[in-house]
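Source file: structure_15.txt; contents: compact mmCIF, C-alpha atoms.
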# COMPACT_ATOMS: atom_id res chain seq x y z
CA MET S 1 -11.23 6.45 3.25
CA THR S 2 -13.41 8.92 1.43
CA ARG S 3 -12.20 10.44 -1.78
CA SER S 4 -10.93 14.00 -1.63
CA GLN S 5 -13.60 16.56 -2.48
CA LYS S 6 -11.04 18.54 -4.40
CA LYS S 7 -10.69 15.86 -7.04
CA GLY S 8 -14.40 15.51 -7.66
CA PRO S 9 -16.00 12.19 -8.54
CA PHE S 10 -14.11 9.69 -10.62
CA VAL S 11 -15.72 9.18 -13.99
CA HIS S 12 -14.31 6.93 -16.66
CA GLU S 13 -13.70 9.38 -19.53
CA LYS S 14 -14.18 6.96 -22.36
CA LEU S 15 -17.38 5.59 -20.90
CA TYR S 16 -18.70 9.09 -20.31
CA ARG S 17 -18.04 9.99 -23.93
CA LYS S 18 -19.83 6.84 -25.03
CA VAL S 19 -22.84 7.71 -22.92
CA MET S 20 -23.03 11.23 -24.30
CA GLN S 21 -22.70 9.89 -27.82
CA ALA S 22 -25.51 7.44 -27.22
CA LYS S 23 -27.62 10.27 -25.84
CA ASP S 24 -27.00 12.39 -28.94
CA THR S 25 -27.92 9.64 -31.33
CA GLY S 26 -30.85 8.64 -29.17
CA VAL S 27 -30.12 4.94 -29.06
CA ASN S 28 -30.32 3.16 -25.74
CA THR S 29 -28.55 -0.08 -26.37
CA PRO S 30 -26.76 -1.38 -23.30
CA ILE S 31 -23.21 -0.14 -22.99
CA ARG S 32 -20.78 -2.90 -22.14
CA THR S 33 -18.19 -1.83 -19.70
CA TRP S 34 -15.46 -3.05 -17.42
CA ALA S 35 -15.26 0.32 -15.64
CA ARG S 36 -16.69 -0.82 -12.32
CA ARG S 37 -14.86 1.96 -10.52
CA CYS S 38 -16.69 4.64 -12.48
CA THR S 39 -19.06 6.83 -10.46
CA ILE S 40 -22.62 7.06 -11.74
CA VAL S 41 -23.21 10.68 -12.70
CA PRO S 42 -26.61 12.26 -13.39
CA GLU S 43 -25.98 11.98 -17.14
CA PHE S 44 -26.13 8.18 -16.83
CA VAL S 45 -29.71 8.16 -15.58
CA GLY S 46 -32.06 6.25 -17.85
CA ARG S 47 -29.19 4.52 -19.65
CA LYS S 48 -28.61 0.81 -19.80
CA PHE S 49 -25.28 -0.72 -18.94
CA GLU S 50 -23.76 -4.13 -18.89
CA ILE S 51 -21.19 -4.26 -16.14
CA HIS S 52 -18.49 -6.87 -16.05
CA ASN S 53 -18.29 -8.83 -12.83
CA GLY S 54 -15.13 -10.70 -13.77
CA ASN S 55 -17.08 -13.47 -15.43
CA ARG S 56 -20.05 -12.11 -17.29
CA PHE S 57 -21.84 -8.85 -17.91
CA ILE S 58 -24.60 -7.89 -15.49
CA PRO S 59 -27.34 -5.75 -17.04
CA LEU S 60 -28.25 -2.59 -15.20
CA PHE S 61 -30.77 0.14 -15.86
CA VAL S 62 -29.63 3.28 -14.09
CA THR S 63 -32.20 5.16 -12.05
CA GLU S 64 -31.89 8.48 -10.30
CA ASP S 65 -31.35 6.87 -6.91
CA MET S 66 -28.15 5.26 -8.12
CA VAL S 67 -26.36 8.54 -8.74
CA GLY S 68 -23.23 8.80 -6.65
CA HIS S 69 -22.65 5.07 -6.41
CA LYS S 70 -20.09 3.17 -8.45
CA LEU S 71 -21.09 0.92 -11.31
CA GLY S 72 -19.38 -2.00 -9.63
CA GLU S 73 -21.71 -1.84 -6.66
CA PHE S 74 -24.45 -3.19 -8.87
CA ALA S 75 -22.61 -6.16 -10.32
CA LEU S 76 -21.71 -8.66 -7.63
CA SER S 77 -18.44 -10.41 -8.25
CA ARG S 78 -18.93 -13.17 -5.70
CA THR S 79 -21.20 -16.17 -5.77
CA PHE S 80 -22.73 -17.29 -2.52
CA ARG S 81 -24.85 -20.39 -2.76
CA GLY S 82 -25.35 -20.88 0.96
CA HIS S 83 -23.43 -22.92 3.47
CA SER S 84 -22.88 -26.65 3.25
CA GLY S 85 -25.33 -28.88 5.07
CA GLY S 86 -27.89 -26.11 5.11
CA ARG S 87 -31.66 -26.36 4.71
CA LYS S 88 -32.58 -27.99 7.95
CA ARG S 89 -35.87 -27.49 9.73
CA MET Y 1 -36.71 17.63 34.79
CA PRO Y 2 -36.53 19.56 31.52
CA ARG Y 3 -38.34 18.14 28.52
CA ILE Y 4 -36.92 18.99 25.12
CA SER Y 5 -38.26 17.75 21.78
CA GLY Y 6 -40.35 15.13 23.51
CA VAL Y 7 -37.47 13.61 25.44
CA ASP Y 8 -36.68 13.86 29.11
CA VAL Y 9 -33.08 14.91 29.51
CA PRO Y 10 -31.25 13.80 32.64
CA PRO Y 11 -31.25 16.58 35.23
CA ASN Y 12 -27.97 15.87 36.98
CA LYS Y 13 -25.71 16.13 33.97
CA GLN Y 14 -24.19 19.14 32.30
CA VAL Y 15 -26.38 20.40 29.48
CA GLN Y 16 -23.73 19.69 26.87
CA TYR Y 17 -24.03 16.01 27.75
CA SER Y 18 -27.69 15.79 28.63
CA LEU Y 19 -28.73 17.19 25.25
CA ARG Y 20 -27.14 14.14 23.69
CA TYR Y 21 -29.95 12.00 25.08
CA ILE Y 22 -32.02 13.42 22.25
CA TYR Y 23 -31.72 11.18 19.17
CA GLY Y 24 -29.93 13.12 16.47
CA VAL Y 25 -27.96 15.35 18.83
CA GLY Y 26 -24.36 14.38 19.37
CA PRO Y 27 -21.41 16.16 20.95
CA HIS Y 28 -21.05 18.56 18.06
CA HIS Y 29 -24.70 19.54 17.75
CA ALA Y 30 -25.08 19.85 21.51
CA ARG Y 31 -22.36 22.45 21.65
CA GLU Y 32 -23.62 24.24 18.55
CA ILE Y 33 -27.07 24.52 20.06
CA LEU Y 34 -25.78 25.85 23.37
CA LYS Y 35 -23.53 28.33 21.64
CA GLU Y 36 -26.45 29.68 19.66
CA ALA Y 37 -28.62 29.84 22.76
CA GLY Y 38 -25.82 31.54 24.67
CA ILE Y 39 -25.93 29.03 27.53
CA ASP Y 40 -22.95 27.81 29.52
CA PHE Y 41 -22.05 24.25 28.45
CA THR Y 42 -21.28 23.15 31.98
CA LEU Y 43 -24.54 24.22 33.55
CA LYS Y 44 -26.50 21.29 35.02
CA SER Y 45 -29.68 20.78 33.08
CA LYS Y 46 -31.83 20.94 36.23
CA ASP Y 47 -30.54 24.49 36.72
CA LEU Y 48 -31.83 25.68 33.36
CA SER Y 49 -34.50 28.34 33.58
CA GLU Y 50 -37.84 27.96 31.79
CA ASP Y 51 -36.68 30.56 29.31
CA GLU Y 52 -33.44 28.77 28.55
CA VAL Y 53 -35.22 25.46 28.03
CA SER Y 54 -37.62 27.03 25.58
CA ARG Y 55 -34.76 28.76 23.80
CA ILE Y 56 -32.98 25.43 23.32
CA ALA Y 57 -36.19 23.77 22.21
CA GLY Y 58 -36.81 26.55 19.71
CA ILE Y 59 -33.35 26.25 18.18
CA ILE Y 60 -33.68 22.48 17.84
CA ASP Y 61 -37.11 22.82 16.27
CA ARG Y 62 -35.89 25.29 13.74
CA ASN Y 63 -32.52 23.95 12.68
CA TYR Y 64 -32.20 20.29 13.48
CA THR Y 65 -33.84 17.02 12.56
CA VAL Y 66 -34.18 15.00 15.73
CA GLU Y 67 -36.03 12.03 17.20
CA GLY Y 68 -38.78 10.58 15.00
CA GLN Y 69 -37.83 12.60 12.00
CA ALA Y 70 -34.16 11.69 12.25
CA ARG Y 71 -35.01 8.05 12.74
CA ARG Y 72 -37.27 8.10 9.71
CA HIS Y 73 -34.51 9.70 7.69
CA VAL Y 74 -32.11 6.87 8.54
CA THR Y 75 -34.68 4.19 7.71
CA ALA Y 76 -35.41 5.90 4.42
CA CYS Y 77 -31.71 5.97 3.53
CA ILE Y 78 -31.38 2.27 4.23
CA ALA Y 79 -34.57 1.54 2.28
CA ARG Y 80 -33.08 3.38 -0.67
CA LEU Y 81 -29.93 1.26 -0.54
CA ARG Y 82 -32.07 -1.87 -0.46
CA ASP Y 83 -34.19 -0.79 -3.38
CA ILE Y 84 -31.47 0.10 -5.83
CA GLY Y 85 -29.83 -3.30 -5.51
CA CYS Y 86 -26.35 -2.10 -4.71
CA TYR Y 87 -23.85 -4.03 -2.66
CA ARG Y 88 -24.49 -2.15 0.55
CA GLY Y 89 -28.21 -2.67 0.12
CA MET Y 90 -27.76 -6.40 -0.29
CA ARG Y 91 -25.71 -6.57 2.87
CA HIS Y 92 -28.49 -4.77 4.69
CA ARG Y 93 -30.98 -7.27 3.32
CA VAL Y 94 -29.06 -10.29 4.53
CA GLY Y 95 -28.15 -8.64 7.82
CA LEU Y 96 -24.39 -8.70 7.46
CA PRO Y 97 -21.87 -5.90 7.91
CA THR Y 98 -22.02 -3.36 5.08
CA ARG Y 99 -18.59 -1.84 5.27
CA GLY Y 100 -16.36 -4.67 4.25
CA GLN Y 101 -15.60 -6.10 7.68
CA ARG Y 102 -14.66 -9.74 8.03
CA THR Y 103 -17.45 -12.15 8.78
CA ARG Y 104 -15.47 -15.34 9.32
CA CYS Y 105 -15.58 -14.53 13.00
CA ASN Y 106 -17.01 -11.64 14.98
CA ALA Y 107 -19.53 -9.37 13.22
CA ARG Y 108 -21.86 -10.29 16.09
CA THR Y 109 -23.58 -6.91 16.12
CA ARG Y 110 -25.02 -7.53 12.69
CA LYS Y 111 -25.35 -11.29 12.82
CA GLY Y 112 -26.93 -11.46 16.26
CA PRO Y 113 -26.31 -14.10 18.89
CA LYS Y 114 -24.16 -17.08 17.94
CA LYS Y 115 -25.82 -19.95 16.16
CA THR Y 116 -23.70 -23.03 16.69
CA VAL Y 117 -23.04 -25.08 13.59
CA ALA Y 118 -21.99 -28.70 14.03
CA GLY Y 119 -18.63 -29.50 12.52
CA LYS Y 120 -17.61 -25.92 11.91
CA LYS Y 121 -14.05 -25.23 12.91
CA GLY Y 122 -13.66 -22.51 15.50
CA ILE Y 123 -11.08 -19.79 15.12
CA LYS Y 124 -8.84 -21.44 17.70
CA GLU Y 125 -8.51 -24.68 15.76
CA LEU Y 126 -7.84 -22.71 12.63
CA HIS Y 127 -4.85 -20.99 14.19
CA ARG Y 128 -3.49 -24.23 15.56
CA GLY Y 129 -3.98 -26.29 12.43

Spell out the structure here as structure tokens.
Amino acid sequence: MTRSQKKGPFVHEKLYRKVMQAKDTGVNTPIRTWARRCTIVPEFVGRKFEIHNGNRFIPLFVTEDMVGHKLGEFALSRTFRGHSGGRKR
Amino acid sequence: MPRISGVDVPPNKQVQYSLRYIYGVGPHHAREILKEAGIDFTLKSKDLSEDEVSRIAGIIDRNYTVEGQARRHVTACIARLRDIGCYRGMRHRVGLPTRGQRTRCNARTRKGPKKTVAGKKGIKELHRG
């Protein structure tokens, strides 16, 4: 179900503060985060993140198109190596 | 046979239904359009006067994205999802359901006709075993 409009988007406070801080100081080192549920807000554009997928950190450079999605959507947490017996033909 | 936005709408149906043959016009838009045009919903579309047809066409032209344009919009949205590398985009790329449905069985709309795999247990055996 869609999130209530009244609440506005969910943004991880601590991560947001970190992003703003990085913006102020002008450094763009990747920000490591576990906050997969955090919505990407316009302020994140042009920032680098490293998103935890449960195992390792997946690097992500945020572009404008990604606004409105969650960070977790960009770090797959499943490995699919294809089905057994595959590669015929 | 009235022609609206480059589509022939069926003559023997009520306008509120026949308008839905235009891509991008559903039940809601159809009624909205007719309300704005001041036309009875239940009128058969073959009984529409020239004037009424052009009024409907005008309203659609002005306020709605339909047909080619609507289709292009949808393709563009999907292309965006593919490009940004998000989960939904990946599902589109591999042609599987994008909204978290199960794929162990069913999901035939996305996966297409069945491809039989030797040795794969069917759902019936799974329930029995």

Distance query Ala35 in chain S at most 8 Å, all atoms listed in the file, self and fewer than 3 positions along chain excluded, as a ChimeraX atom specification: /S:12,15,38,51-52,71-72

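Around the point (-22.5, -5.6, -8.8), within 9 Å and counting only C-alpha atoms, we find these residues: Arg36, Ile51, His52, Asn53, Ile58, Leu71, Gly72, Glu73, Phe74, Ala75, Leu76, Ser77 and Arg78 of chain S; Gly85, Cys86 and Tyr87 of chain Y.
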
Using all atoms listed in the file, determine which residues lie at most 12 Å from range 55-59 of chain Y, disregarding the query and same-chain residues fewer than 4 positions distant; provide the list as number ranges by chain. Y: 2-7, 9, 15-16, 19, 22, 29-39, 45, 48-51, 63-66

With all atoms listed in the file considered, list every residue of chain S at most 12 Å from chain Y, as a ChimeraX atom specification. /S:1,60-78,80,82-86,88

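Our summary of the geometry notes that CA of Val45 in chain S is positioned 10.1 Å from CA of Val19 in chain S.
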
What is the CA of Tyr23 in chain Y to CA of Val74 in chain Y distance in Å?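 We find that CA of Tyr23 in chain Y and CA of Val74 in chain Y lie 11.5 Å from each other.
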
Please report the interatomic distance between CA of His92 in chain Y and CA of Ile78 in chain Y in Å with one decimal.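 Atom-to-atom, CA of His92 in chain Y to CA of Ile78 in chain Y, that is 7.6 Å.
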
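Considering the residues S:Pro59, S:Lys7, S:Gly54, S:Glu13 and counting all atoms listed in the file, Thr29 in chain S has its shortest atom-to-atom contact with S:Pro59.
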
Selection near Met20 in chain S, 12 Å with all atoms listed in the file, sequence-local residues under 5 positions removed, as a tab-separated table (two decimals) with C-alpha atoms, in the frame of the given file:
chain	number	residue	atom	x	y	z
S	13	GLU	CA	-13.70	9.38	-19.53
S	14	LYS	CA	-14.18	6.96	-22.36
S	15	LEU	CA	-17.38	5.59	-20.90
S	25	THR	CA	-27.92	9.64	-31.33
S	26	GLY	CA	-30.85	8.64	-29.17
S	27	VAL	CA	-30.12	4.94	-29.06
S	28	ASN	CA	-30.32	3.16	-25.74
S	31	ILE	CA	-23.21	-0.14	-22.99
S	41	VAL	CA	-23.21	10.68	-12.70
S	42	PRO	CA	-26.61	12.26	-13.39
S	43	GLU	CA	-25.98	11.98	-17.14
S	44	PHE	CA	-26.13	8.18	-16.83
S	45	VAL	CA	-29.71	8.16	-15.58
S	47	ARG	CA	-29.19	4.52	-19.65

Could you name the residues that touch Gln14 in chain Y at 10 Å or less, counting all atoms listed in the file, but leaving out those on the same chain fewer than 6 positions away, as a list in words?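 The residues that qualify are Asp40, Phe41, Thr42, Leu43, Lys44, Ser45, Lys46 and Asp47 of chain Y.
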